[in-house]
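J.: Just so it is clear, I am handing over protein16.cif, which has mmCIF, C-alpha atoms.
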```cif
data_run
#
loop_
_atom_site.label_atom_id
_atom_site.label_comp_id
_atom_site.auth_asym_id
_atom_site.auth_seq_id
_atom_site.Cartn_x
_atom_site.Cartn_y
_atom_site.Cartn_z
CA GLY A 1 -2.37 -13.37 14.54
CA ALA A 2 -5.42 -12.62 12.45
CA GLY A 3 -3.86 -9.68 10.65
CA VAL A 4 -0.70 -7.66 10.25
CA SER A 5 -0.06 -5.71 13.42
CA GLN A 6 2.07 -2.58 13.55
CA SER A 7 3.23 -0.67 16.59
CA PRO A 8 3.19 2.00 17.68
CA ARG A 9 0.22 3.43 15.79
CA TYR A 10 1.52 6.95 16.30
CA LYS A 11 4.99 8.20 17.11
CA VAL A 12 6.17 11.73 17.64
CA ALA A 13 9.92 12.10 17.60
CA LYS A 14 12.16 15.08 18.08
CA ARG A 15 14.50 15.75 15.21
CA GLY A 16 17.67 13.76 15.71
CA GLN A 17 16.00 11.05 17.77
CA ASP A 18 16.19 7.38 16.78
CA VAL A 19 12.94 5.46 16.31
CA ALA A 20 12.02 1.80 15.89
CA LEU A 21 8.83 0.68 14.20
CA ARG A 22 7.56 -2.86 14.59
CA CYS A 23 5.63 -5.11 12.24
CA ASP A 24 4.07 -8.43 13.23
CA PRO A 25 3.05 -10.17 10.00
CA ILE A 26 0.50 -12.94 9.72
CA SER A 27 2.00 -16.12 11.11
CA GLY A 28 3.62 -18.16 8.36
CA HIS A 29 3.73 -15.38 5.82
CA VAL A 30 6.97 -15.59 3.87
CA SER A 31 7.12 -12.15 2.27
CA LEU A 32 7.23 -8.88 4.16
CA PHE A 33 7.33 -5.39 2.70
CA TRP A 34 7.83 -1.95 4.18
CA TYR A 35 6.39 1.12 2.44
CA GLN A 36 6.57 4.82 3.23
CA GLN A 37 3.57 7.03 2.53
CA ALA A 38 3.95 10.78 2.63
CA LEU A 39 0.87 12.92 3.18
CA GLY A 40 -1.34 12.95 0.09
CA GLN A 41 0.85 10.51 -1.79
CA GLY A 42 0.70 6.84 -2.62
CA PRO A 43 2.96 4.45 -0.70
CA GLU A 44 6.54 4.09 -1.87
CA PHE A 45 8.53 0.88 -1.54
CA LEU A 46 11.27 0.77 1.07
CA THR A 47 12.41 -2.81 1.50
CA TYR A 48 11.44 -6.46 1.10
CA PHE A 49 12.15 -9.61 3.10
CA GLN A 50 11.69 -13.20 2.14
CA ASN A 51 11.75 -14.99 5.47
CA GLU A 52 14.80 -13.55 7.26
CA ALA A 53 16.61 -12.52 4.07
CA GLN A 54 16.43 -8.89 3.02
CA LEU A 55 16.29 -9.34 -0.74
CA ASP A 56 15.67 -5.76 -1.77
CA LYS A 57 16.50 -2.59 0.12
CA SER A 58 16.71 -0.32 -2.87
CA GLY A 59 13.89 1.92 -1.63
CA LEU A 60 15.53 2.91 1.65
CA PRO A 61 16.06 6.67 1.25
CA SER A 62 19.30 6.93 3.17
CA ASP A 63 21.71 5.02 5.36
CA ARG A 64 19.76 6.31 8.36
CA PHE A 65 17.11 3.71 7.53
CA PHE A 66 17.69 0.12 8.56
CA ALA A 67 15.35 -2.87 8.59
CA GLU A 68 15.69 -6.37 9.95
CA ARG A 69 13.68 -9.56 10.29
CA PRO A 70 16.09 -11.79 12.17
CA GLU A 71 13.86 -14.84 12.69
CA GLY A 72 11.72 -14.50 9.60
CA SER A 73 8.66 -13.26 11.44
CA VAL A 74 8.62 -9.90 13.27
CA SER A 75 10.34 -7.07 11.45
CA THR A 76 11.69 -3.78 12.75
CA LEU A 77 12.28 -0.64 10.73
CA LYS A 78 14.76 1.65 12.44
CA ILE A 79 15.35 5.27 11.55
CA GLN A 80 18.37 6.96 13.04
CA ARG A 81 18.74 10.70 13.59
CA THR A 82 15.23 11.40 12.34
CA GLN A 83 14.64 14.40 10.09
CA GLN A 84 11.42 16.27 9.36
CA GLU A 85 11.24 14.74 5.89
CA ASP A 86 10.92 11.32 7.55
CA SER A 87 7.42 12.27 8.72
CA ALA A 88 5.09 9.82 7.01
CA VAL A 89 2.96 6.76 7.52
CA TYR A 90 5.06 3.60 7.47
CA LEU A 91 3.13 0.61 6.19
CA CYS A 92 3.98 -3.03 6.51
CA ALA A 93 2.49 -5.73 4.28
CA SER A 94 2.93 -9.47 4.29
CA SER A 95 2.14 -12.22 1.85
CA LEU A 96 1.84 -15.97 2.23
CA THR A 97 4.09 -17.04 -0.60
CA ARG A 98 7.29 -15.94 -2.28
CA ASP A 99 5.50 -14.89 -5.45
CA ASN A 100 2.74 -13.12 -3.47
CA HIS A 101 0.26 -15.03 -5.60
CA TYR A 102 -2.48 -14.71 -3.00
CA GLY A 103 -2.11 -10.99 -2.60
CA TYR A 104 -1.06 -8.89 0.35
CA THR A 105 -2.34 -8.07 3.81
CA PHE A 106 -1.50 -4.62 5.06
CA GLY A 107 -1.08 -3.36 8.58
CA SER A 108 -2.71 -0.17 9.86
CA GLY A 109 0.57 1.69 9.63
CA THR A 110 2.63 3.77 12.00
CA ARG A 111 2.23 7.52 11.62
CA LEU A 112 5.59 9.13 12.39
CA THR A 113 5.77 12.85 13.02
CA VAL A 114 9.19 14.42 13.44
CA VAL A 115 9.12 17.78 15.18
CA LYS B 1 5.36 10.07 -15.97
CA ASN B 2 4.33 7.83 -13.09
CA GLU B 3 4.24 4.12 -13.81
CA VAL B 4 0.75 3.94 -12.31
CA GLU B 5 -1.65 6.81 -12.83
CA GLN B 6 -5.13 7.25 -11.43
CA SER B 7 -7.98 9.56 -12.24
CA PRO B 8 -9.67 11.49 -10.90
CA GLN B 9 -7.53 12.61 -8.00
CA ASN B 10 -10.59 13.73 -6.06
CA LEU B 11 -14.20 12.70 -6.50
CA THR B 12 -17.29 13.92 -4.70
CA ALA B 13 -20.60 12.15 -5.21
CA GLN B 14 -24.08 12.06 -3.80
CA GLU B 15 -25.31 8.96 -2.06
CA GLY B 16 -26.65 6.47 -4.58
CA GLU B 17 -24.50 7.60 -7.50
CA PHE B 18 -22.47 5.21 -9.65
CA ILE B 19 -18.75 5.81 -9.17
CA THR B 20 -15.90 5.05 -11.58
CA ILE B 21 -12.21 5.37 -10.79
CA ASN B 22 -9.67 4.74 -13.52
CA CYS B 23 -6.13 3.41 -13.44
CA SER B 24 -3.56 3.28 -16.22
CA TYR B 25 -0.16 1.70 -15.90
CA SER B 26 2.95 1.61 -18.02
CA VAL B 27 4.73 -1.37 -16.48
CA GLY B 28 4.18 -4.85 -17.79
CA ILE B 29 2.13 -6.78 -15.29
CA SER B 30 0.06 -9.90 -14.99
CA ALA B 31 -2.21 -8.62 -12.21
CA LEU B 32 -3.36 -5.35 -10.71
CA HIS B 33 -4.47 -4.53 -7.18
CA TRP B 34 -7.20 -2.23 -5.97
CA LEU B 35 -6.87 -1.09 -2.37
CA GLN B 36 -8.95 1.01 0.00
CA GLN B 37 -7.44 3.29 2.61
CA HIS B 38 -9.48 4.93 5.34
CA PRO B 39 -8.33 7.89 7.46
CA GLY B 40 -5.81 6.59 9.96
CA GLY B 41 -3.72 4.82 7.35
CA GLY B 42 -4.79 1.18 7.28
CA ILE B 43 -5.06 -0.36 3.82
CA VAL B 44 -7.53 -3.05 2.84
CA SER B 45 -7.02 -5.13 -0.26
CA LEU B 46 -10.18 -5.06 -2.40
CA PHE B 47 -9.24 -6.92 -5.55
CA MET B 48 -6.34 -8.58 -7.29
CA LEU B 49 -7.23 -9.23 -10.89
CA SER B 50 -5.41 -10.32 -13.99
CA SER B 51 -8.20 -10.37 -16.57
CA GLY B 52 -11.84 -9.59 -17.10
CA LYS B 53 -13.96 -8.55 -14.18
CA LYS B 54 -14.37 -9.25 -10.47
CA LYS B 55 -17.33 -8.33 -8.29
CA HIS B 56 -17.65 -8.10 -4.54
CA GLY B 57 -20.87 -6.66 -3.21
CA ARG B 58 -21.29 -3.20 -4.70
CA LEU B 59 -17.70 -3.09 -5.95
CA ILE B 60 -16.73 -4.13 -9.45
CA ALA B 61 -13.21 -4.11 -10.89
CA THR B 62 -12.35 -4.56 -14.54
CA ILE B 63 -9.04 -4.82 -16.32
CA ASN B 64 -7.81 -4.76 -19.89
CA ILE B 65 -4.27 -6.11 -19.87
CA GLN B 66 -3.62 -5.22 -23.53
CA GLU B 67 -4.65 -1.61 -23.02
CA LYS B 68 -3.02 -1.48 -19.56
CA HIS B 69 -6.12 -0.01 -18.02
CA SER B 70 -8.33 -0.90 -15.08
CA SER B 71 -11.45 0.59 -13.56
CA LEU B 72 -13.06 0.34 -10.15
CA HIS B 73 -16.80 0.89 -10.02
CA ILE B 74 -19.00 1.41 -6.99
CA THR B 75 -22.72 0.97 -7.47
CA ALA B 76 -25.29 2.67 -5.23
CA SER B 77 -22.57 4.59 -3.41
CA HIS B 78 -22.90 5.24 0.31
CA PRO B 79 -21.17 7.68 2.68
CA ARG B 80 -19.30 4.77 4.26
CA ASP B 81 -17.58 4.26 0.87
CA SER B 82 -15.73 7.53 1.49
CA ALA B 83 -12.04 6.65 1.48
CA VAL B 84 -8.93 6.80 -0.67
CA TYR B 85 -8.89 4.18 -3.40
CA ILE B 86 -5.49 3.15 -4.70
CA CYS B 87 -4.49 0.98 -7.62
CA ALA B 88 -1.16 -0.76 -7.48
CA ALA B 89 0.85 -2.81 -9.93
CA PRO B 90 3.60 -5.28 -9.10
CA ARG B 91 6.97 -4.49 -10.63
CA GLY B 92 7.78 -7.43 -12.82
CA GLU B 93 5.95 -9.89 -14.95
CA THR B 94 4.54 -12.08 -12.21
CA SER B 95 1.61 -11.32 -9.97
CA GLY B 96 3.99 -11.01 -7.06
CA SER B 97 6.89 -8.73 -6.13
CA ARG B 98 6.77 -5.24 -4.68
CA LEU B 99 3.96 -2.90 -5.62
CA THR B 100 4.09 0.42 -7.39
CA PHE B 101 1.16 2.53 -6.24
CA GLY B 102 -0.90 5.20 -7.87
CA GLU B 103 -1.38 8.40 -5.92
CA GLY B 104 -4.90 7.45 -4.94
CA THR B 105 -8.37 8.84 -5.53
CA GLN B 106 -10.01 10.57 -2.59
CA LEU B 107 -13.71 9.67 -2.75
CA THR B 108 -16.26 11.57 -0.69
CA VAL B 109 -19.86 10.41 -0.78
CA ASN B 110 -22.30 12.88 0.69
CA PRO B 111 -25.63 11.82 2.20
#
```
Have the structure of the file written as structure tokens, please.

T.:
Amino acid sequence: GAGVSQSPRYKVAKRGQDVALRCDPISGHVSLFWYQQALGQGPEFLTYFQNEAQLDKSGLPSDRFFAERPEGSVSTLKIQRTQQEDSAVYLCASSLTRDNHYGYTFGSGTRLTVV
Amino acid sequence: KNEVEQSPQNLTAQEGEFITINCSYSVGISALHWLQQHPGGGIVSLFMLSSGKKKHGRLIATINIQEKHSSLHITASHPRDSAVYICAAPRGETSGSRLTFGEGTQLTVNP
């Protein structure tokens, strides 16, 4: 596609519910990043994929967070047993090359609200 | 101390004013990113620069790698420039890798 597409745009979840957030990167982009942005804060790194390989998941805040990119294109961020502190905008970004030399393209984000 | 710090945190200007947003970073980098985020969350990449100055329309970004400082300028500001402006530095010595973000500068331009 022309840009990075994220779905859903908005998600309201009851505490304890599992959610799945989807990212469709630009076709052919090798690198894919997930970031979490709390209200009024800058984005914080969650995890990074190079093709289908998850090379860095050091930013995932707990074992309730899981991400995958099984075929090296679409990625899913899953949050199990959601808590109120998970409420944030989840941003996906992709980049053409492994060294991200040409910069990043960001999606519009998924705003998750846990009630 | 955050690795990437921006100032000011909030900025209100009148239409037509010259705007400057500053970014200082403590990590060693070879490039810095300036991003724009409108209400609703989507982020647009404005600049990636590793030295000197870049210009795009009314936006100008400068960087001094030795001093670890960058500035974003907006000339002849307009209400549609109202947004959050974020600087971000890649962790590591290359221009790639994951980004560390500043907390953003909320710019409001009044007509």

J.: Output the contact residues of chain B with respect to chain A at a cut-off of 9 Å, based on all atoms listed in the file, as a JSON list (two decimals) with C-alpha atoms, in the coordinates of the input.

T.:
```
[["chain", "number", "residue", "atom", "x", "y", "z"],
["B", 33, "HIS", "CA", -4.47, -4.53, -7.18],
["B", 40, "GLY", "CA", -5.81, 6.59, 9.96],
["B", 41, "GLY", "CA", -3.72, 4.82, 7.35],
["B", 42, "GLY", "CA", -4.79, 1.18, 7.28],
["B", 43, "ILE", "CA", -5.06, -0.36, 3.82],
["B", 44, "VAL", "CA", -7.53, -3.05, 2.84],
["B", 45, "SER", "CA", -7.02, -5.13, -0.26],
["B", 47, "PHE", "CA", -9.24, -6.92, -5.55],
["B", 48, "MET", "CA", -6.34, -8.58, -7.29],
["B", 86, "ILE", "CA", -5.49, 3.15, -4.70],
["B", 94, "THR", "CA", 4.54, -12.08, -12.21],
["B", 95, "SER", "CA", 1.61, -11.32, -9.97],
["B", 96, "GLY", "CA", 3.99, -11.01, -7.06],
["B", 97, "SER", "CA", 6.89, -8.73, -6.13],
["B", 98, "ARG", "CA", 6.77, -5.24, -4.68],
["B", 99, "LEU", "CA", 3.96, -2.90, -5.62],
["B", 100, "THR", "CA", 4.09, 0.42, -7.39],
["B", 101, "PHE", "CA", 1.16, 2.53, -6.24],
["B", 102, "GLY", "CA", -0.90, 5.20, -7.87],
["B", 103, "GLU", "CA", -1.38, 8.40, -5.92],
["B", 104, "GLY", "CA", -4.90, 7.45, -4.94]]
```

J.: Restricting the calculation to all atoms listed in the file: of A:Ala38, A:Ala2, A:Val30, A:Cys23, which residue gets closest to Gln50 in chain A?

T.: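 The answer is A:Val30, which sits nearest to Gln50 in chain A.
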
J.: To one decimal in Å, tell me the separation between CA of Tyr85 in chain B and CA of Ser24 in chain B.

T.: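 Computed distance, CA of Tyr85 in chain B to CA of Ser24 in chain B, equals 13.9 Å.
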
J.: Give me, please, the distance in Å between CA of Ala67 in chain A and CA of Leu35 in chain B, quoted to one decimal.

T.: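 Calculated distance between CA of Ala67 in chain A and CA of Leu35 in chain B is 24.8 Å.
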
J.: Take the PyMOL selection byres ((chain B and resi 11-19) around 8), apply it to the structure above, and return the hits as an NGL selection string.

T.: :B and (8-10 or 20-21 or 72-79 or 105-111)

J.: Can you measure CA of Pro25 in chain A to CA of Glu3 in chain B for me? One decimal in Å is fine.

T.: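 Between these atoms lies a distance of 27.8 Å.
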
J.: Measuring atom to atom with only C-alpha atoms, identify which of A:Leu55, A:Ala88, A:Val4, A:Leu60 is nearest to Ser27 in chain A.

T.: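 Looking at the shortest contact to Ser27 in chain A, the residue is A:Val4.
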
J.: Which residue out of A:Gly28, A:Gln6, A:Leu112, A:Leu96 has the minimum interatomic distance to Ser75 in chain A when all atoms listed in the file are used?

T.: A:Gln6

J.: Could you check the closest approach to Ala53 in chain A for each of A:Phe66, A:Val115, A:Leu39, A:Gly72 and tell me which residue wins, using only C-alpha atoms?

T.: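 Of the candidates, the smallest distance to Ala53 in chain A is held by A:Gly72.
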
J.: Starting from the displayed file, determine the output of the PyMOL selection byres ((chain B and resi 26) around 9) and express the residue list as a PyMOL selection string.

T.: chain B and resi 2-5+24-25+27-29+68

J.: All heavy atoms are what I want for range 15-26 of chain A; can you complete it accordingly and write them as a short mmCIF file (atom, residue, chain, number, x, y, z; two decimals), keeping the file's coordinate frame?

T.:
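This is the output file selection_24.cif:
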```cif
data_model
loop_
_atom_site.label_atom_id
_atom_site.label_comp_id
_atom_site.auth_asym_id
_atom_site.auth_seq_id
_atom_site.Cartn_x
_atom_site.Cartn_y
_atom_site.Cartn_z
N ARG A 15 13.49 15.87 16.24
CA ARG A 15 14.50 15.75 15.21
C ARG A 15 15.83 15.30 15.82
O ARG A 15 16.26 15.84 16.85
CB ARG A 15 14.68 17.09 14.49
CG ARG A 15 15.47 17.00 13.20
CD ARG A 15 15.45 18.29 12.44
NE ARG A 15 16.02 19.38 13.21
CZ ARG A 15 16.24 20.59 12.73
NH1 ARG A 15 15.89 20.86 11.48
NH2 ARG A 15 16.76 21.53 13.47
N GLY A 16 16.42 14.30 15.20
CA GLY A 16 17.67 13.76 15.71
C GLY A 16 17.51 12.51 16.55
O GLY A 16 18.49 11.80 16.82
N GLN A 17 16.28 12.23 16.94
CA GLN A 17 16.00 11.05 17.77
C GLN A 17 15.96 9.80 16.90
O GLN A 17 15.59 9.85 15.72
CB GLN A 17 14.65 11.25 18.47
CG GLN A 17 14.25 10.19 19.46
CD GLN A 17 12.91 10.49 20.11
OE1 GLN A 17 12.35 11.59 19.95
NE2 GLN A 17 12.37 9.54 20.84
N ASP A 18 16.32 8.66 17.47
CA ASP A 18 16.19 7.38 16.78
C ASP A 18 14.82 6.78 17.09
O ASP A 18 14.33 6.90 18.20
CB ASP A 18 17.27 6.40 17.25
CG ASP A 18 18.68 6.87 16.92
OD1 ASP A 18 18.84 7.85 16.16
OD2 ASP A 18 19.64 6.24 17.43
N VAL A 19 14.22 6.12 16.08
CA VAL A 19 12.94 5.46 16.31
C VAL A 19 12.99 4.03 15.78
O VAL A 19 13.78 3.71 14.89
CB VAL A 19 11.76 6.22 15.64
CG1 VAL A 19 11.61 7.62 16.22
CG2 VAL A 19 11.90 6.25 14.14
N ALA A 20 12.14 3.19 16.34
CA ALA A 20 12.02 1.80 15.89
C ALA A 20 10.55 1.48 15.70
O ALA A 20 9.75 1.67 16.62
CB ALA A 20 12.65 0.84 16.90
N LEU A 21 10.21 1.01 14.53
CA LEU A 21 8.83 0.68 14.20
C LEU A 21 8.73 -0.83 14.01
O LEU A 21 9.57 -1.43 13.34
CB LEU A 21 8.41 1.41 12.91
CG LEU A 21 8.75 2.90 12.83
CD1 LEU A 21 8.27 3.47 11.50
CD2 LEU A 21 8.17 3.67 13.99
N ARG A 22 7.68 -1.41 14.57
CA ARG A 22 7.56 -2.86 14.59
C ARG A 22 6.43 -3.34 13.70
O ARG A 22 5.38 -2.70 13.62
CB ARG A 22 7.31 -3.32 16.02
CG ARG A 22 7.13 -4.82 16.20
CD ARG A 22 6.75 -5.13 17.63
NE ARG A 22 6.33 -6.53 17.78
CZ ARG A 22 7.07 -7.47 18.35
NH1 ARG A 22 8.26 -7.18 18.83
NH2 ARG A 22 6.61 -8.71 18.45
N CYS A 23 6.67 -4.48 13.05
CA CYS A 23 5.63 -5.11 12.24
C CYS A 23 5.55 -6.59 12.61
O CYS A 23 6.55 -7.30 12.54
CB CYS A 23 5.95 -4.97 10.75
SG CYS A 23 4.83 -5.92 9.68
N ASP A 24 4.34 -7.01 12.98
CA ASP A 24 4.07 -8.43 13.23
C ASP A 24 3.24 -8.96 12.07
O ASP A 24 2.04 -8.69 12.00
CB ASP A 24 3.26 -8.60 14.53
CG ASP A 24 4.13 -8.77 15.74
OD1 ASP A 24 4.68 -9.87 15.88
OD2 ASP A 24 4.24 -7.81 16.50
N PRO A 25 3.84 -9.69 11.15
CA PRO A 25 3.05 -10.17 10.00
C PRO A 25 2.15 -11.33 10.41
O PRO A 25 2.22 -11.82 11.54
CB PRO A 25 4.14 -10.65 9.04
CG PRO A 25 5.24 -11.11 9.94
CD PRO A 25 5.21 -10.17 11.12
N ILE A 26 1.32 -11.75 9.49
CA ILE A 26 0.50 -12.94 9.72
C ILE A 26 1.43 -14.14 9.87
O ILE A 26 2.39 -14.28 9.09
CB ILE A 26 -0.51 -13.14 8.58
CG1 ILE A 26 -1.53 -11.99 8.60
CG2 ILE A 26 -1.21 -14.48 8.69
CD1 ILE A 26 -2.51 -12.02 7.46
#
```
